[in-house]
Each structure stands twice: as C-alpha cells, then as structure tokens.
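> My structure is below; once you've seen it, I'll send some questions.
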Amino acid sequence: MASCYLSLVLIMLITCSFASASDNSPLQDFCVADPNGPVLVNGFACKDAKFVGVNDFFFSGLHLMGNTSNAVGSRVTPVTVAQLPGLNTLGISMARIDFAPWGINPPHTHPRATEILTVIEGCIEVGFVTSNPENRLISKVLEKGDVFVFPEGLVHFQRNVGNGYAVAIVGLSSQNPGVITVANAVFGAKPDIPNDLLAKAFQVDVKVVDQIQAKF
C-alpha cells in the first residue's frame, strides 16, 4: 500500500514539473529579430547568427528632443524591438518622452509591460487608476530625479505641470510592450464603435459622441 502511495506521489510530482516548465529566459546568447523571416512566432524569428553585427545591438538618437507640436503636446521616442532588433527575447525596452509646457501623455495602457519612469528634466504629474470596482486614482507630482512605476495593464498618464519643457526616460518590461491610448481606442476605432453604445456608456447625448469621434 505504501509503495503504491509513493508511486502515485512520484507520478504527480513528475507531472507537475512538466506542467510548470517554461522558457522564461533566453536559451542562447541572443536572438536578433528578423522581421522579414518567413517563420511566424510569438515575437520575431532569429536572424542567422552569422549575419548579426554590432548595429543589431545599437540605437542612436535618444538624446534628441522629440517634436511636441501636436494636439497633446508630447512626443514618445520608443526603443523597442522594432527599433533595436537585439532586444528580441530579452524582455526589456525603453523610451524617451518629451513634453511641451503643460503637455500630456494621455491616459493609456501597456498590455504587455510594467513601466518605470524617471524624470530627467522638469516637473511631471503622473498617475494610474486601479481596476474595477474601486477605480482608485494614485497620483503624484514628480521632480527631477524622481522615479515612479506603473503596474502592467493599468491605465496611466503623465502631464508636464511646469512652464518649461520636461523630459522623462521610461523602462518597460517587454521587448514589445504595446500601447493602447484610451481616447484613440474608444473614439477612433475603425470602423467606429456605434455612437449610441458610447453615448450610453458615457451617459451623454449621441451628438457629444459624434463631435468627439470627428476629432479622431
């Protein structure tokens, strides 16, 4: 009886070990992204190592100010796997965010990454909103050298609250974090989300929805 019980335990342990196995870490030194590769995978296929060079691991230009002459007064300069192929499989990326005076990085979410932000110049108000049903706003004004983290998947924002330009550098826990800007997704969907549905969701008149959708 004891031997049968021991055998059952061993089988369960072996089964669990296979079920929980995962490849969270790279299985080789690097896997430089090959965006033109014929193989479709979750991410990018690896470029032939024989053709990998130093430029696959290099990006230049993050010292340059982004053009903030737009409706929201900010510009994000991303450094993801799309700009730096050597990031493929490494689970990390970054970006520079430039803000005009009182410019905003509107409410958005990264579906695949946690974000950590450092203020390089200026004074920036940051915040995120917790999930339903609390929808609690957690917000703070940051100054030069301050650091703030935005949990993965939560809606968050940044705003320059100074009269000069502001700059932040962010790190993201994915080679391809993705971004969903709330206003663009809701009011700029193609084709449009039905205006009567949005009117009911936001508890406003349909004409208000039409006016907002026209801006996107």
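Note on naming: chains are A, B, ... as they come in the structure tokens, residues start from 1 per chain, ligands start from 1 in the order shown.
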Can you list every residue in region 17-98 of chain A that DSSP puts in strand (DSSP E), as an NGL selection string?
:A and (74-79 or 93-98)
> Using only C-alpha atoms, find each residue in region 127-170 of chain A having at least one atom no more than 9 Å away from region 100-112 of chain A; report its shortest atom-to-atom pair and that distance in Å (one decimal), rows by chain then rising number, as a tab-separated table.

```
residue	atom	partner	partner_atom	distance
A:Phe128	CA	A:Pro107	CA	8.4
A:Glu152	CA	A:His110	CA	6.5
A:Gly153	CA	A:Pro111	CA	4.8
A:Leu154	CA	A:Thr109	CA	5.7
A:Val155	CA	A:Thr109	CA	4.7
A:His156	CA	A:Pro107	CA	5.2
A:Phe157	CA	A:Pro107	CA	4.6
A:Gln158	CA	A:Asn105	CA	5.1
A:Arg159	CA	A:Ile104	CA	4.2
A:Asn160	CA	A:Trp102	CA	4.7
A:Val161	CA	A:Trp102	CA	5.4
A:Gly162	CA	A:Pro101	CA	6.0
A:Asn163	CA	A:Pro101	CA	4.9
A:Gly164	CA	A:Pro101	CA	5.1
A:Tyr165	CA	A:Ala100	CA	4.9
A:Ala166	CA	A:Ala100	CA	6.8
```
> Filtering to N, CA and C atoms, could you give me those residues as an mmCIF file, in the first residue's frame?

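For reference, result-v5.cif as written:
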```
data_model
loop_
_atom_site.group_PDB
_atom_site.id
_atom_site.type_symbol
_atom_site.label_atom_id
_atom_site.label_comp_id
_atom_site.auth_asym_id
_atom_site.auth_seq_id
_atom_site.Cartn_x
_atom_site.Cartn_y
_atom_site.Cartn_z
ATOM 1 N N PHE A 128 -1.942 56.565 -12.084
ATOM 2 C CA PHE A 128 -2.604 55.411 -12.682
ATOM 3 C C PHE A 128 -3.883 55.127 -11.923
ATOM 4 N N GLU A 152 1.656 46.805 -14.696
ATOM 5 C CA GLU A 152 1.288 46.290 -16.018
ATOM 6 C C GLU A 152 -0.217 46.316 -16.247
ATOM 7 N N GLY A 153 -0.612 46.835 -17.399
ATOM 8 C CA GLY A 153 -2.007 46.784 -17.829
ATOM 9 C C GLY A 153 -2.908 47.871 -17.289
ATOM 10 N N LEU A 154 -2.454 48.661 -16.303
ATOM 11 C CA LEU A 154 -3.329 49.681 -15.728
ATOM 12 C C LEU A 154 -3.250 50.981 -16.523
ATOM 13 N N VAL A 155 -4.393 51.669 -16.626
ATOM 14 C CA VAL A 155 -4.455 52.942 -17.326
ATOM 15 C C VAL A 155 -3.647 53.974 -16.550
ATOM 16 N N HIS A 156 -2.774 54.702 -17.258
ATOM 17 C CA HIS A 156 -1.933 55.692 -16.587
ATOM 18 C C HIS A 156 -1.691 56.879 -17.509
ATOM 19 N N PHE A 157 -1.096 57.936 -16.958
ATOM 20 C CA PHE A 157 -0.895 59.176 -17.717
ATOM 21 C C PHE A 157 0.286 59.937 -17.133
ATOM 22 N N GLN A 158 0.755 60.918 -17.908
ATOM 23 C CA GLN A 158 1.743 61.875 -17.423
ATOM 24 C C GLN A 158 1.376 63.265 -17.939
ATOM 25 N N ARG A 159 1.728 64.298 -17.149
ATOM 26 C CA ARG A 159 1.465 65.671 -17.578
ATOM 27 C C ARG A 159 2.566 66.589 -17.062
ATOM 28 N N ASN A 160 3.081 67.414 -17.949
ATOM 29 C CA ASN A 160 4.052 68.433 -17.567
ATOM 30 C C ASN A 160 3.319 69.557 -16.840
ATOM 31 N N VAL A 161 3.652 69.779 -15.589
ATOM 32 C CA VAL A 161 2.968 70.817 -14.808
ATOM 33 C C VAL A 161 3.865 72.040 -14.617
ATOM 34 N N GLY A 162 4.870 72.165 -15.464
ATOM 35 C CA GLY A 162 5.749 73.327 -15.404
ATOM 36 C C GLY A 162 5.589 74.197 -16.634
ATOM 37 N N ASN A 163 6.225 75.348 -16.608
ATOM 38 C CA ASN A 163 6.135 76.287 -17.720
ATOM 39 C C ASN A 163 7.259 76.100 -18.739
ATOM 40 N N GLY A 164 8.170 75.170 -18.456
ATOM 41 C CA GLY A 164 9.227 74.842 -19.401
ATOM 42 C C GLY A 164 9.042 73.441 -19.937
ATOM 43 N N TYR A 165 9.954 73.016 -20.808
ATOM 44 C CA TYR A 165 9.892 71.672 -21.358
ATOM 45 C C TYR A 165 10.311 70.647 -20.298
ATOM 46 N N ALA A 166 9.773 69.458 -20.416
ATOM 47 C CA ALA A 166 10.095 68.374 -19.479
ATOM 48 C C ALA A 166 10.480 67.132 -20.274
#
```
> What are the nearest atom pairs, with distances in Å to one decimal, for all residues of region 14-103 of chain A that come at most 12 Å from region 176-199 of chain A, using only C-alpha atoms, set out by chain and rising residue number as a tab-separated table?

```
residue	atom	partner	partner_atom	distance
A:Ala33	CA	A:Asn176	CA	11.7
A:Asn42	CA	A:Asn176	CA	10.8
A:Gly43	CA	A:Asn176	CA	8.2
A:Phe44	CA	A:Asn176	CA	10.4
A:Val72	CA	A:Ala183	CA	11.7
A:Val76	CA	A:Val179	CA	11.2
A:Pro78	CA	A:Asn176	CA	10.0
A:Val79	CA	A:Asn176	CA	9.3
A:Thr80	CA	A:Asn176	CA	5.8
A:Val81	CA	A:Asn176	CA	6.2
A:Ala82	CA	A:Asn176	CA	7.9
A:Gln83	CA	A:Asn176	CA	10.4
A:Leu84	CA	A:Asn176	CA	10.7
A:Pro85	CA	A:Asn176	CA	10.9
A:Leu87	CA	A:Asn176	CA	9.1
A:Asn88	CA	A:Asn176	CA	8.7
A:Thr89	CA	A:Asn176	CA	9.7
A:Leu90	CA	A:Asn176	CA	10.2
A:Gly91	CA	A:Asn176	CA	8.0
A:Ile92	CA	A:Asn176	CA	7.9
A:Ser93	CA	A:Asn176	CA	7.3
A:Met94	CA	A:Pro177	CA	9.5
A:Ala95	CA	A:Pro177	CA	10.9
```
> Using backbone DSSP assignments, extract all helix (DSSP H, G or I) residues from chain A; output them as a ChimeraX atom specification.
/A:2-20,49-51,54-57,85-87,182-187,195-202,206-213
